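One structure is given here, and the rest of the page talks about it.
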Amino acid sequence: MSLLGYVFMQRALIAGTLIGATAGAIGVYVVLRGFSFIGAGIAHAAFGGVAIALLLGIEPLWGALAFSLAVAWAIAYTSRRAAIKEEVAVGILFAASMALGIFLLSFVPGYRADLFGYLFGNILSVSSHDLLVSFVLAGLVFTAVAVLYKEFLFITFDPGMAEVSGFPVGVLQGLLLSLVALTVVLSLRVVGAVLVAALLVIPAATAYQLVQDFHRLLFLSALLGIAEVVGGLIISFYLDTPSGPTIVLLSAALFALVMFLRKRSP
């Protein structure tokens, strides 16, 4: 049977297209704003949310979403109110969230086989419900980017001038981090909490080597995100390898290839 003959692969490819486009687009802000470590921190916070949801007996995805959003706003608030850099706030919340997740899992009765999927991804287990959630979250992210395009652009390139100009930089930064959190939760099924930062960073970093115009950068990064997720899925299907690591390795290989070709070009 061909790849598209399997229902689980059809769902995986649809979800992968949505997630690749969303992670690629938001990844541009992550790379340009220097939020790479923040993306990793929110991803690990999502694992803490999964643990809380398992303990309470609710859908892990909703726990990850609520906890990731809370941590995103905590990072924005702490970095401004405590007069410390965002990386420091992330380092504190990163460690606390992961520790909380591991601590709470010790109270979850029995072994949860699907927990491994939240750590390293398992897009082949995407259900119809997961697909619907993916559409909703991706729609929220792209709607917010479209509505606040100018504001996000301003705080990405010159947050100091944006604040002087009267823009609510703290609120806008919190909203941008919330979009990163939504994208992280969206990507959990693809690459998992451990590898999700790569999906946020690599497509945008690859695109940045090829174009610098912001409009083109957004489009190309989203396109690369789709190509890398879908390509990784296809490779993992035929080689029978884990989907998450395969997607990340393909993304890294493409980044290295572009970097090598750019270096050799006159």
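Ordering of the structure tokens sets the chain letters (A, B, ...); residue numbers start at 1 within each chain; ligands are numbered from 1 in the order shown.
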Using only C-alpha atoms, which residues sit within 12 Å of region 243-250 of chain A once same-chain residues fewer than 2 positions away are excluded, as a ChimeraX atom specification? /A:9,12-13,16,20,116-125,187-203,206,224-241,252-257
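Here the question is which of A:Thr156, A:Gln209, A:Ser178, A:Ser134 gets nearest to Ala21 (chain A) using only C-alpha atoms, and that residue is A:Ser134.
What separates CA of Val31 (chain A) from CA of Ala204 (chain A) is a distance of 6.7 Å.
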Name all residues at most 12 Å from Ala53 (chain A) (count only C-alpha atoms; drop same-chain ones fewer than 6 positions away) and give them as number ranges by chain. A: 46-47, 59-67, 101, 104-105, 107-108, 115
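Minimum distance to Ala138 (chain A) across A:Thr22, A:Ser165, A:Ser68, A:Ser251 (counting only C-alpha atoms) occurs at A:Thr22.
Proximity of A:Val7, A:Asp213, A:Gly174, A:Glu151 to Ser127 (chain A), computed with only C-alpha atoms, is greatest for A:Val7.
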Give me, as a list in words, all polymer residues having an atom no more than 12 Å from Lys150 (chain A), counting only C-alpha atoms and skipping those fewer than 4 positions away in the same chain. Ala144, Val145, Ala146, Phe154, Ile155, Thr156, Phe157, Asp158, Ala162, Phe167, Leu172, Phe214 and His215 of chain A
Residue selection dump (C-alpha atoms) as a PDB file, in the first residue's frame:
ATOM      1  CA  ALA A 144      -2.498  37.211  15.503  1.00  0.00           C
ATOM      2  CA  VAL A 145       0.540  37.623  13.228  1.00  0.00           C
ATOM      3  CA  ALA A 146      -1.625  39.213  10.524  1.00  0.00           C
ATOM      4  CA  PHE A 154       8.647  47.012  15.422  1.00  0.00           C
ATOM      5  CA  ILE A 155       9.420  45.243  18.719  1.00  0.00           C
ATOM      6  CA  THR A 156      11.463  42.599  16.888  1.00  0.00           C
ATOM      7  CA  PHE A 157      13.885  45.036  15.274  1.00  0.00           C
ATOM      8  CA  ASP A 158      13.854  47.969  17.717  1.00  0.00           C
ATOM      9  CA  ALA A 162       8.947  50.995  20.049  1.00  0.00           C
ATOM     10  CA  PHE A 167       3.893  50.924  21.956  1.00  0.00           C
ATOM     11  CA  LEU A 172       3.240  42.841  22.829  1.00  0.00           C
ATOM     12  CA  PHE A 214      11.176  40.320   6.107  1.00  0.00           C
ATOM     13  CA  HIS A 215       8.139  39.460   3.949  1.00  0.00           C
TER      14      HIS A 215
END
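Separating CA of Val28 (chain A) from CA of Val184 (chain A) is a distance of 14.2 Å.
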Leaving out Phe135 (chain A) and any residue of its chain fewer than 3 positions from it, which residues lie within 12 Å of it when counting only C-alpha atoms, given as a VMD selection string? chain A and resid 11 14 to 19 21 to 22 128 to 132 138 to 143 182 to 183 186
